[in-house]
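Working notes for the structure below.
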Amino acid sequence: MSVFRAIVFSAVVAGAIVGAVVTVAQQFGTVPLILKGEVYERAADEAAQSAQPTPAAHEHADHQHNETAWEPKEGFERNAFTAAANILTAIGFALLLGGIFALRARAVTWYEGLLWGLAGFITFTVAPGLGLPPELPGVPAAALGERQVWWVATAAATAVGLALLFLRRSPWAAVLGLCLIALPHLIGAPQLEHVHTDVPEALSRNFVGIVTLTSLLFWALLGSLTGIAYRHFSTSQNKGARALSG
Amino acid sequence: MQPAQAVSLPVATSRSNTVLQAVLAMTLGLFVVFMVGFSHIDAVHNATHDVRHSNAFPCH
């Protein structure tokens, strides 16, 4: 399992670094905005409990937190889980990148890794974000399951579309690739007809910008570091193997 | 089979074996991302809440 081992080693190394860096970036960028959003979320929940439920409030009530479920304590515990989840997310996406690098016949440089990382940014942030922009707590949205299906389908269609565009390089593949990239947006993301929220528009817009920037940092770092790490682990294994066979 | 090939077999990985291992690693990666970003288990949601919002995964 030498290829698998090289992918996992490089994913763990790159994922741990990127997860840690992004956690620090989020503490200054997204997390303060999420905490502000939660103030509006709590106020809306309290208002909904005391008033007649409106359709939007009812929709949101279907998906709000289960009060009896475990949740991390505010402060250190919550941030520790955020750090762990960031590292796991980075390792997960690095496993995808490492798998791609292993499938490419030749060794991947940091620069090619960076380009693959940017493809990840377009696939997993830009494309789903066009229909479902990053949202703060307290902003009502359509049913969670429907949004998740659209998100996953959009990422998949964009990934296949980009692969057809850049790896096939033939006219039919380019047309098919562009159609696949456009298709989810022609179908449209699940949206609520009426959205009422007290979360200020400027706060939401600020959040979209910061999430997108943080994600650009995430993918640029993850792509190049996974490229460097996979090159290191796969060639050091080959050297070891050659030494054994020689 | 050539003797030279037979010697290098344990270290040289065949193409289909490489593909299998790469696909296995990618499946594992997708599973990890799915658990962190998409699982409906309440405790998982609460633990990963800020990451889901920060990564623009659908949340709530």
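Every chain in the structure tokens takes a letter, A first, then B, and so on in the order presented; its residues are numbered from 1, and the ligands are numbered from 1 following the presented order.
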Would you kindly report the residues of chain A within 7 Å of chain B, using only C-alpha atoms, as an MDAnalysis selection string? chainID A and resid 1 3:4 7 30:31 63:64 66 69:72 81:82 85:86 88:89 92:93 95:96 99 102:103 133:136 144 147:148 211 215 241 245
Would you export the selected residues with N, CA and C atoms as an mmCIF file, in the first residue's frame, please?
```cif
data_model
loop_
_atom_site.group_PDB
_atom_site.id
_atom_site.type_symbol
_atom_site.label_atom_id
_atom_site.label_comp_id
_atom_site.auth_asym_id
_atom_site.auth_seq_id
_atom_site.Cartn_x
_atom_site.Cartn_y
_atom_site.Cartn_z
ATOM 1 N N MET A 1 0.841 -1.212 0.000
ATOM 2 C CA MET A 1 0.000 0.000 0.000
ATOM 3 C C MET A 1 0.872 1.257 0.000
ATOM 4 N N VAL A 3 1.481 3.639 -2.266
ATOM 5 C CA VAL A 3 0.861 4.856 -2.788
ATOM 6 C C VAL A 3 -0.132 5.414 -1.773
ATOM 7 N N PHE A 4 -0.949 4.524 -1.211
ATOM 8 C CA PHE A 4 -1.938 4.933 -0.210
ATOM 9 C C PHE A 4 -1.240 5.583 0.982
ATOM 10 N N ILE A 7 -0.017 9.061 0.159
ATOM 11 C CA ILE A 7 -1.137 10.022 0.109
ATOM 12 C C ILE A 7 -1.557 10.396 1.531
ATOM 13 N N THR A 30 -13.888 35.097 10.348
ATOM 14 C CA THR A 30 -15.276 34.633 10.289
ATOM 15 C C THR A 30 -15.917 34.483 11.677
ATOM 16 N N VAL A 31 -15.128 33.990 12.667
ATOM 17 C CA VAL A 31 -15.741 33.643 13.963
ATOM 18 C C VAL A 31 -16.386 34.858 14.658
ATOM 19 N N HIS A 63 -35.206 23.412 11.493
ATOM 20 C CA HIS A 63 -33.790 23.044 11.388
ATOM 21 C C HIS A 63 -32.960 23.624 12.514
ATOM 22 N N GLN A 64 -33.625 24.168 13.515
ATOM 23 C CA GLN A 64 -32.802 24.778 14.554
ATOM 24 C C GLN A 64 -32.243 23.694 15.468
ATOM 25 N N ASN A 66 -31.188 21.116 18.225
ATOM 26 C CA ASN A 66 -31.888 20.336 19.223
ATOM 27 C C ASN A 66 -31.311 20.727 20.587
ATOM 28 N N ALA A 69 -29.275 18.194 22.677
ATOM 29 C CA ALA A 69 -28.064 17.579 22.142
ATOM 30 C C ALA A 69 -26.819 18.196 22.779
ATOM 31 N N TRP A 70 -25.750 17.390 22.820
ATOM 32 C CA TRP A 70 -24.480 17.879 23.354
ATOM 33 C C TRP A 70 -23.961 19.016 22.488
ATOM 34 N N GLU A 71 -23.360 20.012 23.100
ATOM 35 C CA GLU A 71 -22.624 21.017 22.332
ATOM 36 C C GLU A 71 -21.429 21.496 23.144
ATOM 37 N N PRO A 72 -20.356 21.905 22.452
ATOM 38 C CA PRO A 72 -19.162 22.306 23.204
ATOM 39 C C PRO A 72 -19.427 23.562 24.018
ATOM 40 N N PHE A 81 -12.779 22.455 19.217
ATOM 41 C CA PHE A 81 -13.503 21.625 18.249
ATOM 42 C C PHE A 81 -13.451 22.234 16.849
ATOM 43 N N THR A 82 -13.484 23.577 16.800
ATOM 44 C CA THR A 82 -13.365 24.237 15.493
ATOM 45 C C THR A 82 -12.008 23.930 14.872
ATOM 46 N N ALA A 85 -11.994 20.326 13.695
ATOM 47 C CA ALA A 85 -12.820 20.153 12.501
ATOM 48 C C ALA A 85 -12.135 20.769 11.278
ATOM 49 N N ASN A 86 -11.433 21.891 11.485
ATOM 50 C CA ASN A 86 -10.682 22.495 10.376
ATOM 51 C C ASN A 86 -9.582 21.575 9.885
ATOM 52 N N LEU A 88 -9.450 18.291 10.246
ATOM 53 C CA LEU A 88 -10.066 17.132 9.587
ATOM 54 C C LEU A 88 -10.531 17.493 8.167
ATOM 55 N N THR A 89 -11.151 18.677 8.022
ATOM 56 C CA THR A 89 -11.602 19.105 6.687
ATOM 57 C C THR A 89 -10.407 19.215 5.744
ATOM 58 N N GLY A 92 -9.166 15.794 4.825
ATOM 59 C CA GLY A 92 -10.104 15.174 3.877
ATOM 60 C C GLY A 92 -9.891 15.679 2.457
ATOM 61 N N PHE A 93 -9.820 17.006 2.304
ATOM 62 C CA PHE A 93 -9.614 17.558 0.962
ATOM 63 C C PHE A 93 -8.203 17.247 0.451
ATOM 64 N N LEU A 95 -6.593 14.502 1.048
ATOM 65 C CA LEU A 95 -6.650 13.115 0.555
ATOM 66 C C LEU A 95 -7.151 13.087 -0.888
ATOM 67 N N LEU A 96 -8.132 13.958 -1.192
ATOM 68 C CA LEU A 96 -8.626 14.065 -2.570
ATOM 69 C C LEU A 96 -7.497 14.540 -3.492
ATOM 70 N N GLY A 99 -4.806 11.917 -3.953
ATOM 71 C CA GLY A 99 -5.282 10.879 -4.870
ATOM 72 C C GLY A 99 -5.108 11.309 -6.319
ATOM 73 N N ALA A 102 -1.464 11.195 -7.274
ATOM 74 C CA ALA A 102 -1.011 9.823 -7.499
ATOM 75 C C ALA A 102 -1.463 9.328 -8.877
ATOM 76 N N LEU A 103 -2.639 9.800 -9.311
ATOM 77 C CA LEU A 103 -3.163 9.358 -10.608
ATOM 78 C C LEU A 103 -2.426 10.035 -11.769
ATOM 79 N N PRO A 133 -24.751 31.436 -1.113
ATOM 80 C CA PRO A 133 -23.654 32.213 -0.528
ATOM 81 C C PRO A 133 -23.453 31.832 0.937
ATOM 82 N N PRO A 134 -22.215 31.987 1.441
ATOM 83 C CA PRO A 134 -21.963 31.712 2.866
ATOM 84 C C PRO A 134 -22.971 32.473 3.712
ATOM 85 N N GLU A 135 -23.572 31.781 4.694
ATOM 86 C CA GLU A 135 -24.637 32.404 5.472
ATOM 87 C C GLU A 135 -24.297 32.484 6.945
ATOM 88 N N LEU A 136 -24.671 33.586 7.568
ATOM 89 C CA LEU A 136 -24.490 33.758 9.004
ATOM 90 C C LEU A 136 -25.615 33.056 9.755
ATOM 91 N N LEU A 144 -32.598 22.129 4.791
ATOM 92 C CA LEU A 144 -31.176 21.787 4.815
ATOM 93 C C LEU A 144 -30.832 20.681 3.813
ATOM 94 N N ARG A 147 -30.652 21.894 0.233
ATOM 95 C CA ARG A 147 -29.460 22.714 -0.010
ATOM 96 C C ARG A 147 -28.213 21.849 -0.083
ATOM 97 N N GLN A 148 -28.143 20.814 0.783
ATOM 98 C CA GLN A 148 -26.962 19.940 0.759
ATOM 99 C C GLN A 148 -26.875 19.179 -0.564
ATOM 100 N N VAL A 211 -15.311 34.866 4.155
ATOM 101 C CA VAL A 211 -15.313 33.410 3.940
ATOM 102 C C VAL A 211 -14.585 33.076 2.641
ATOM 103 N N SER A 215 -11.173 30.958 2.364
ATOM 104 C CA SER A 215 -11.181 29.738 1.569
ATOM 105 C C SER A 215 -10.085 29.765 0.497
ATOM 106 N N ALA A 241 12.611 1.987 -1.718
ATOM 107 C CA ALA A 241 12.314 0.757 -2.444
ATOM 108 C C ALA A 241 13.489 0.371 -3.343
ATOM 109 N N SER A 245 15.720 -2.997 -3.324
ATOM 110 C CA SER A 245 15.847 -3.898 -4.474
ATOM 111 C C SER A 245 17.287 -3.926 -4.970
#
```
Do you know which residues are at most 8 Å from Gly138 in chain A counting only C-alpha atoms, after dropping those on the same chain fewer than 4 positions away, and could you put them as a list in words? Gly37, Glu38, Val39, Tyr40, Glu41, Arg42, Ala44, Thr197, Asp198 and Val199 of chain A
Residues from last step as file, C-alpha atoms, as a compact mmCIF listing (two decimals), in the first residue's frame:
```
# COMPACT_ATOMS: atom_id res chain seq x y z
CA GLY A 37 -24.97 36.57 13.81
CA GLU A 38 -25.86 34.32 16.76
CA VAL A 39 -27.04 37.36 18.74
CA TYR A 40 -29.66 37.97 16.01
CA GLU A 41 -30.39 34.22 15.81
CA ARG A 42 -31.17 34.02 19.53
CA ALA A 44 -35.26 35.76 16.41
CA THR A 197 -34.03 38.54 9.01
CA ASP A 198 -32.73 41.18 11.38
CA VAL A 199 -29.13 40.32 10.48
```
Within 12 Å of Pro190 in chain A, counting only C-alpha atoms, which residues qualify if same-chain residues fewer than 3 places away don't, as a PyMOL selection string? (chain A and resi 128+131-133+141-151+184-187+193) or (chain B and resi 58)
Could those selected residues go to a file with C-alpha atoms, as a tab-separated table (two decimals), in the first residue's frame?
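Output (result.tsv):
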```tsv
chain	number	residue	atom	x	y	z
A	128	PRO	CA	-21.67	26.36	-4.68
A	131	GLY	CA	-26.26	29.78	-5.56
A	132	LEU	CA	-25.85	29.35	-1.80
A	133	PRO	CA	-23.65	32.21	-0.53
A	141	ALA	CA	-32.74	29.41	4.50
A	142	ALA	CA	-34.46	26.64	2.53
A	143	ALA	CA	-34.64	23.04	3.83
A	144	LEU	CA	-31.18	21.79	4.81
A	145	GLY	CA	-31.37	18.48	2.90
A	146	GLU	CA	-32.28	20.19	-0.38
A	147	ARG	CA	-29.46	22.71	-0.01
A	148	GLN	CA	-26.96	19.94	0.76
A	149	VAL	CA	-28.03	17.97	-2.33
A	150	TRP	CA	-27.68	21.08	-4.53
A	151	TRP	CA	-24.29	21.91	-2.97
A	184	PRO	CA	-26.62	23.65	-11.57
A	185	HIS	CA	-27.05	27.44	-11.82
A	186	LEU	CA	-29.64	27.09	-14.60
A	187	ILE	CA	-31.57	24.68	-12.36
A	193	GLU	CA	-39.57	32.82	-1.28
B	58	PRO	CA	-25.06	24.42	4.18
```
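We find CA of Gln26 in chain A and CA of Leu118 in chain A to be spaced 19.4 Å apart.
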Can you tell me which residues surround Arg106 in chain A at a distance of at most 12 Å, considering only C-alpha atoms, apart from same-chain residues fewer than 5 positions away, and format the answer as a list in words? Ile100, Phe101, Glu112, Gly227, Tyr230, Arg231, Ser234 and Thr235 of chain A
